[in-house]
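Below is the file entry24.cif, which contains mmCIF, C-alpha atoms (C1' of nucleotides).
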data_input
loop_
_atom_site.label_atom_id
_atom_site.label_comp_id
_atom_site.auth_asym_id
_atom_site.auth_seq_id
_atom_site.Cartn_x
_atom_site.Cartn_y
_atom_site.Cartn_z
CA MET I 34 38.51 -105.21 -28.55
CA LYS I 35 39.53 -104.65 -24.90
CA THR I 36 37.85 -102.03 -22.78
CA ASN I 37 37.64 -101.27 -19.07
CA ASN I 38 34.81 -102.14 -16.72
CA TYR I 39 33.42 -98.62 -16.64
CA THR I 40 33.09 -98.36 -20.40
CA GLU I 41 31.72 -101.89 -20.41
CA ALA I 42 29.16 -100.98 -17.73
CA TYR I 43 27.98 -98.12 -19.90
CA ARG I 44 27.61 -100.40 -22.90
CA LEU I 45 25.64 -102.98 -20.88
CA LEU I 46 23.26 -100.34 -19.54
CA TYR I 47 22.84 -98.69 -22.93
CA ASP I 48 22.16 -102.03 -24.63
CA HIS I 49 19.59 -102.90 -21.98
CA PHE I 50 17.71 -99.62 -21.58
CA GLY I 51 18.50 -97.71 -24.76
CA PRO I 52 19.00 -93.94 -24.97
CA GLN I 53 17.42 -92.00 -22.08
CA GLU I 54 17.48 -88.58 -23.74
CA TRP I 55 18.03 -86.56 -20.59
CA TRP I 56 17.58 -84.06 -19.00
CA PRO I 57 13.75 -84.19 -18.85
CA GLY I 58 13.15 -80.49 -19.53
CA ASP I 59 12.50 -78.14 -22.42
CA SER I 60 15.07 -75.42 -21.75
CA PRO I 61 18.37 -74.81 -19.96
CA PHE I 62 16.55 -72.70 -17.37
CA GLU I 63 14.06 -75.47 -16.68
CA ILE I 64 16.99 -77.82 -16.16
CA MET I 65 18.61 -75.42 -13.70
CA VAL I 66 15.38 -75.16 -11.70
CA GLY I 67 14.86 -78.92 -11.82
CA ALA I 68 18.40 -79.55 -10.59
CA ILE I 69 17.68 -77.66 -7.38
CA LEU I 70 14.16 -79.02 -6.93
CA THR I 71 15.25 -82.65 -7.25
CA GLN I 72 17.67 -82.50 -4.33
CA ASN I 73 16.85 -85.54 -2.18
CA THR I 74 13.44 -85.72 -3.85
CA ASN I 75 11.60 -88.06 -6.21
CA TRP I 76 11.34 -86.69 -9.75
CA SER I 77 7.56 -87.15 -9.93
CA ASN I 78 7.19 -84.58 -7.14
CA VAL I 79 9.57 -82.22 -8.93
CA GLN I 80 7.53 -82.55 -12.12
CA LYS I 81 4.41 -81.36 -10.29
CA ALA I 82 6.28 -78.28 -9.07
CA ILE I 83 7.62 -77.57 -12.55
CA ASP I 84 4.14 -77.95 -14.01
CA ASN I 85 2.82 -75.40 -11.49
CA LEU I 86 5.40 -72.87 -12.66
CA LYS I 87 4.78 -73.67 -16.33
CA LEU I 88 1.03 -73.22 -16.05
CA GLU I 89 1.59 -69.69 -14.80
CA GLU I 90 4.30 -69.11 -17.42
CA LEU I 91 6.83 -68.46 -14.67
CA LEU I 92 9.49 -70.89 -15.85
CA SER I 93 11.93 -68.35 -17.25
CA TYR I 94 14.72 -66.41 -15.65
CA GLN I 95 13.02 -63.07 -16.21
CA SER I 96 9.64 -64.18 -14.85
CA LEU I 97 10.89 -66.06 -11.80
CA ALA I 98 13.17 -63.18 -10.83
CA LEU I 99 10.09 -60.99 -10.30
CA LEU I 100 8.70 -63.24 -7.55
CA THR I 101 9.47 -63.17 -3.84
CA VAL I 102 10.87 -66.23 -2.11
CA ASP I 103 7.51 -66.82 -0.42
CA GLU I 104 5.68 -66.66 -3.74
CA ILE I 105 8.07 -69.13 -5.37
CA ALA I 106 7.65 -71.43 -2.37
CA GLN I 107 3.91 -71.77 -2.91
CA TYR I 108 4.30 -72.93 -6.52
CA ILE I 109 6.96 -75.52 -5.71
CA ARG I 110 5.32 -77.06 -2.63
CA PRO I 111 4.96 -80.57 -4.16
CA ALA I 112 8.76 -80.81 -4.50
CA GLY I 113 9.18 -80.79 -0.72
CA TYR I 114 11.55 -78.59 1.35
CA TYR I 115 9.77 -75.81 -0.47
CA ASN I 116 10.87 -72.88 1.70
CA LEU I 117 14.48 -74.00 1.51
CA LYS I 118 14.38 -74.64 -2.23
CA ALA I 119 12.64 -71.35 -2.97
CA GLN I 120 15.49 -69.54 -1.23
CA ARG I 121 18.03 -71.66 -3.13
CA LEU I 122 16.38 -70.80 -6.46
CA LYS I 123 16.46 -67.15 -5.49
CA ASN I 124 20.15 -67.45 -4.59
CA MET I 125 20.87 -68.86 -8.04
CA LEU I 126 18.90 -66.10 -9.77
CA ASP I 127 20.78 -63.52 -7.69
CA MET I 128 24.09 -65.00 -8.80
CA VAL I 129 23.11 -64.65 -12.48
CA ALA I 130 21.99 -61.09 -11.83
CA ALA I 131 25.14 -60.12 -9.96
CA ILE I 132 27.78 -61.84 -12.08
CA TYR I 133 26.20 -62.02 -15.54
CA ASN I 134 24.22 -58.81 -15.37
CA GLY I 135 20.97 -60.77 -15.50
CA ASP I 136 21.85 -62.34 -18.83
CA LEU I 137 21.25 -66.09 -18.54
CA ALA I 138 22.82 -66.76 -21.94
CA SER I 139 26.10 -65.30 -20.69
CA PHE I 140 26.11 -67.80 -17.85
CA LEU I 141 25.26 -70.70 -20.17
CA ASP I 142 28.05 -69.72 -22.56
CA ASP I 143 30.66 -69.08 -19.89
CA GLU I 144 33.78 -71.20 -19.48
CA MET I 145 33.22 -74.42 -17.53
CA GLU I 146 35.58 -73.74 -14.62
CA THR I 147 34.28 -70.23 -14.10
CA ALA I 148 30.68 -71.36 -14.27
CA ARG I 149 31.38 -74.14 -11.74
CA GLU I 150 32.98 -71.75 -9.27
CA ASN I 151 30.05 -69.37 -9.59
CA LEU I 152 27.54 -72.17 -9.06
CA LEU I 153 29.34 -73.63 -6.05
CA ALA I 154 29.45 -70.19 -4.46
CA VAL I 155 25.63 -70.16 -4.41
CA LYS I 156 24.28 -71.22 -1.01
CA GLY I 157 22.25 -74.35 -1.68
CA ILE I 158 24.17 -75.55 -4.73
CA GLY I 159 26.62 -78.34 -3.97
CA PRO I 160 28.75 -80.48 -6.29
CA GLU I 161 25.97 -82.65 -7.71
CA THR I 162 23.59 -79.80 -8.44
CA ALA I 163 26.41 -77.75 -9.96
CA ASP I 164 27.61 -80.60 -12.17
CA SER I 165 24.07 -81.44 -13.29
CA ILE I 166 23.63 -77.85 -14.44
CA LEU I 167 27.05 -77.76 -16.10
CA LEU I 168 26.36 -80.96 -18.04
CA TYR I 169 22.67 -80.77 -18.87
CA ALA I 170 22.04 -77.03 -19.05
CA CYS I 171 25.41 -75.68 -20.21
CA GLY I 172 26.57 -78.71 -22.20
CA HIS I 173 29.98 -79.00 -20.53
CA PRO I 174 31.74 -82.40 -20.34
CA VAL I 175 31.30 -83.20 -16.62
CA PHE I 176 30.51 -86.57 -15.05
CA VAL I 177 27.66 -86.17 -12.55
CA VAL I 178 27.87 -88.26 -9.39
CA ASP I 179 24.86 -88.92 -7.20
CA MET I 180 23.64 -91.29 -4.50
CA TYR I 181 22.76 -93.84 -7.18
CA THR I 182 26.25 -93.75 -8.68
CA HIS I 183 27.67 -94.59 -5.28
CA ARG I 184 25.09 -97.28 -4.52
CA VAL I 185 25.20 -99.06 -7.87
CA PHE I 186 28.96 -99.09 -8.30
CA SER I 187 29.92 -99.78 -4.68
CA ARG I 188 27.54 -102.74 -4.86
CA HIS I 189 29.48 -103.95 -7.87
CA ASN I 190 32.82 -103.22 -6.16
CA MET I 191 33.77 -100.54 -8.69
CA VAL I 192 33.92 -97.65 -6.21
CA GLU I 193 34.91 -97.64 -2.53
CA GLU I 194 32.12 -97.96 0.02
CA GLU I 195 33.54 -95.12 2.12
CA THR I 196 34.45 -92.33 -0.26
CA ASP I 197 33.45 -88.84 -1.36
CA TYR I 198 32.04 -87.05 -4.38
CA LEU I 199 35.30 -86.02 -6.03
CA SER I 200 36.90 -89.44 -5.56
CA ILE I 201 34.01 -91.16 -7.30
CA GLN I 202 34.03 -88.55 -10.05
CA ASP I 203 37.76 -89.14 -10.57
CA VAL I 204 37.23 -92.87 -11.04
CA PHE I 205 34.83 -92.26 -13.91
CA LEU I 206 36.73 -89.38 -15.48
CA ASN I 207 39.92 -91.47 -15.44
CA ASN I 208 38.26 -94.53 -16.97
CA LEU I 209 36.02 -93.01 -19.63
CA PRO I 210 36.73 -90.96 -22.74
CA GLN I 211 36.00 -87.25 -22.34
CA ASP I 212 32.67 -87.26 -24.12
CA LYS I 213 29.78 -85.15 -22.89
CA GLN I 214 27.21 -87.25 -24.73
CA LEU I 215 28.53 -90.35 -22.98
CA TYR I 216 28.45 -88.58 -19.59
CA ASN I 217 24.93 -87.43 -20.33
CA GLU I 218 23.60 -90.91 -21.14
CA PHE I 219 25.64 -92.70 -18.49
CA HIS I 220 24.28 -90.66 -15.61
CA ALA I 221 20.72 -91.06 -16.87
CA LEU I 222 21.24 -94.82 -17.27
CA ILE I 223 22.60 -95.08 -13.71
CA VAL I 224 19.46 -93.41 -12.38
CA ARG I 225 17.41 -95.81 -14.48
CA VAL I 226 19.15 -98.98 -13.35
CA ALA I 227 19.07 -97.87 -9.71
CA ALA I 228 15.34 -97.27 -9.88
CA THR I 229 14.75 -100.57 -11.68
CA PHE I 230 17.17 -103.12 -10.20
CA CYS I 231 19.35 -101.54 -7.53
CA LYS I 232 17.05 -100.25 -4.82
CA LYS I 233 18.07 -99.28 -1.33
CA ASN I 234 18.19 -102.03 1.30
CA LYS I 235 17.78 -104.73 -1.32
CA PRO I 236 20.36 -107.39 -2.19
CA LEU I 237 22.24 -107.33 -5.46
CA CYS I 238 19.68 -108.10 -8.12
CA SER I 239 20.37 -111.06 -10.39
CA ARG I 240 18.52 -109.38 -13.29
CA CYS I 241 20.69 -106.25 -13.21
CA PRO I 242 22.38 -105.84 -16.61
CA LEU I 243 25.63 -105.08 -14.76
CA GLN I 244 25.78 -108.74 -13.73
CA GLY I 245 27.22 -109.18 -17.21
CA LEU I 246 30.47 -107.52 -16.13
CA ASN I 247 33.53 -109.76 -15.99
CA LEU I 248 35.06 -108.56 -12.73
"C1'" DC F 202 1.98 -97.78 9.38
"C1'" DA F 203 7.15 -97.16 7.86
"C1'" DC F 204 10.29 -96.13 4.36
"C1'" DC F 205 12.08 -93.81 0.46
"C1'" DA F 206 13.36 -90.01 -2.99
"C1'" DG F 207 18.52 -87.61 -8.83
"C1'" DG F 208 21.43 -82.85 -1.43
"C1'" DC F 209 23.06 -79.32 1.17
"C1'" DA F 210 24.23 -76.47 5.05
"C1'" DA F 211 24.52 -75.66 9.88
"C1'" DG F 212 25.24 -77.18 14.41
"C1'" DT F 213 27.82 -79.95 17.82
"C1'" DA F 214 31.93 -81.85 20.12
"C1'" DT D 150 37.75 -83.05 11.27
"C1'" DA D 151 33.76 -86.15 11.81
"C1'" DC D 152 29.20 -86.96 12.96
"C1'" DT D 153 24.24 -85.37 13.45
"C1'" DT D 154 20.10 -82.83 12.29
"C1'" DG D 155 16.63 -79.97 9.68
"C1'" DC D 156 14.28 -79.43 5.63
"C1'" DA D 157 8.72 -81.71 3.62
"C1'" DT D 158 5.84 -83.58 -0.01
"C1'" DG D 159 3.88 -87.66 -2.23
"C1'" DG D 160 4.30 -92.58 -3.77
"C1'" DT D 161 4.79 -97.55 -2.43
#
Let me see whether you can do it: turn the structure in this file into structure tokens.
Amino acid sequence: MKTNNYTEAYRLLYDHFGPQEWWPGDSPFEIMVGAILTQNTNWSNVQKAIDNLKLEELLSYQSLALLTVDEIAQYIRPAGYYNLKAQRLKNMLDMVAAIYNGDLASFLDDEMETARENLLAVKGIGPETADSILLYACGHPVFVVDMYTHRVFSRHNMVEEETDYLSIQDVFLNNLPQDKQLYNEFHALIVRVAATFCKKNKPLCSRCPLQGLNL
DNA sequence: CACCAGGCAAGTA
DNA sequence: TACTTGCATGGT
């Protein structure tokens, strides 16, 4: 059975780490909030911010929409960049209000391309945040690229060192079956292997399961 | 103490 | 177009 290196990389990671069962969140709305809060930020800090909102039962579209930007900012302080992220959350809520008449379910059920355009039009939502929401909150078949994807696979010579988001995304979309469950697990596994074996400013780790690739 | 973390937008030349 | 900078907390 022949397969390509990208499918093989997925299999190696899955065999090593097992299913990751992402996204860590109980609802689509929690995932949308988490996607903004985790921008350039460690997840453990994001979890504290999410817990703050949960304790006050504010982690729903209807509840959060009642707060001012400054009020949101105080709850999410542990996530860092809290003033910026509070405004970005507000921008996202405003988009749902303006385009989907305040009905979150309408956004979640919308067509993928339309939903992506609406997300990218929100100030503070870029390609990674948009794709994370499309995949993990909406359930659309999108491959999410992040800093780890670039680091891990450029280190293994499977993506260019100097490249951009869409180019990396193309590599994976062109070399993997269109399968949202696979995209879901693969991204989570990439985060896992980066945190475990492929840290910044460290040499290629000999214990990385991707060493098993026949390049 | 320094460095890092699941980005993005705005400013500069 | 191609760099650079601001945003900020908490863990290692």
Would you list the residues near (19.8, -74.0, -14.8), meaning any protein, DNA or RNA residue with an atom at most 12 Å from that point in file coordinates, counting all atoms listed in the file, as a short mmCIF file (atom, residue, chain, number, x, y, z; two decimals) with C-alpha atoms, in the frame of the given file?
data_model
loop_
_atom_site.label_atom_id
_atom_site.label_comp_id
_atom_site.auth_asym_id
_atom_site.auth_seq_id
_atom_site.Cartn_x
_atom_site.Cartn_y
_atom_site.Cartn_z
CA TRP I 56 17.58 -84.06 -19.00
CA GLY I 58 13.15 -80.49 -19.53
CA ASP I 59 12.50 -78.14 -22.42
CA SER I 60 15.07 -75.42 -21.75
CA PRO I 61 18.37 -74.81 -19.96
CA PHE I 62 16.55 -72.70 -17.37
CA GLU I 63 14.06 -75.47 -16.68
CA ILE I 64 16.99 -77.82 -16.16
CA MET I 65 18.61 -75.42 -13.70
CA VAL I 66 15.38 -75.16 -11.70
CA GLY I 67 14.86 -78.92 -11.82
CA ALA I 68 18.40 -79.55 -10.59
CA ILE I 69 17.68 -77.66 -7.38
CA LEU I 70 14.16 -79.02 -6.93
CA LEU I 92 9.49 -70.89 -15.85
CA SER I 93 11.93 -68.35 -17.25
CA TYR I 94 14.72 -66.41 -15.65
CA LEU I 122 16.38 -70.80 -6.46
CA MET I 125 20.87 -68.86 -8.04
CA LEU I 126 18.90 -66.10 -9.77
CA MET I 128 24.09 -65.00 -8.80
CA VAL I 129 23.11 -64.65 -12.48
CA LEU I 137 21.25 -66.09 -18.54
CA ALA I 138 22.82 -66.76 -21.94
CA PHE I 140 26.11 -67.80 -17.85
CA LEU I 141 25.26 -70.70 -20.17
CA ALA I 148 30.68 -71.36 -14.27
CA ARG I 149 31.38 -74.14 -11.74
CA LEU I 152 27.54 -72.17 -9.06
CA ILE I 158 24.17 -75.55 -4.73
CA THR I 162 23.59 -79.80 -8.44
CA ALA I 163 26.41 -77.75 -9.96
CA ASP I 164 27.61 -80.60 -12.17
CA SER I 165 24.07 -81.44 -13.29
CA ILE I 166 23.63 -77.85 -14.44
CA LEU I 167 27.05 -77.76 -16.10
CA LEU I 168 26.36 -80.96 -18.04
CA TYR I 169 22.67 -80.77 -18.87
CA ALA I 170 22.04 -77.03 -19.05
CA CYS I 171 25.41 -75.68 -20.21
CA GLY I 172 26.57 -78.71 -22.20
#
Check every residue of chain I for an atom within 7 Å of chain F, counting all atoms listed in the file, and provide those that qualify as a ChimeraX atom specification. /I:71-75,157,159,179,224
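Between atom CA of I:Asp103 and atom CA of I:Ala154 there is a distance of 22.6 Å.
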Would you mind listing, for every residue of stretch 117-167 of chain I within 12 Å of stretch 150-160 of chain D, the two atoms forming the shortest contact and the distance between them in Å to one decimal, using all atoms listed in the file, sorted by chain and ascending residue number, as a Markdown table?
| residue | atom | partner | partner_atom | distance |
| --- | --- | --- | --- | --- |
| I:Leu117 | CA | D:DC156 | C1' | 6.8 |
| I:Lys118 | CA | D:DC156 | C1' | 9.2 |
| I:Ala119 | CA | D:DC156 | C1' | 11.9 |
| I:Gly157 | CA | D:DC156 | C1' | 11.9 |
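Going from atom CA of I:Glu144 to atom CA of I:Ala221 covers 23.9 Å.
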Please write the residues picked by the PyMOL selection byres ((chain I) within 8 of (chain D)) on this file as a list in words. Asn78, Arg110, Pro111, Ala112, Gly113, Tyr114, Tyr115 and Leu117 of chain I
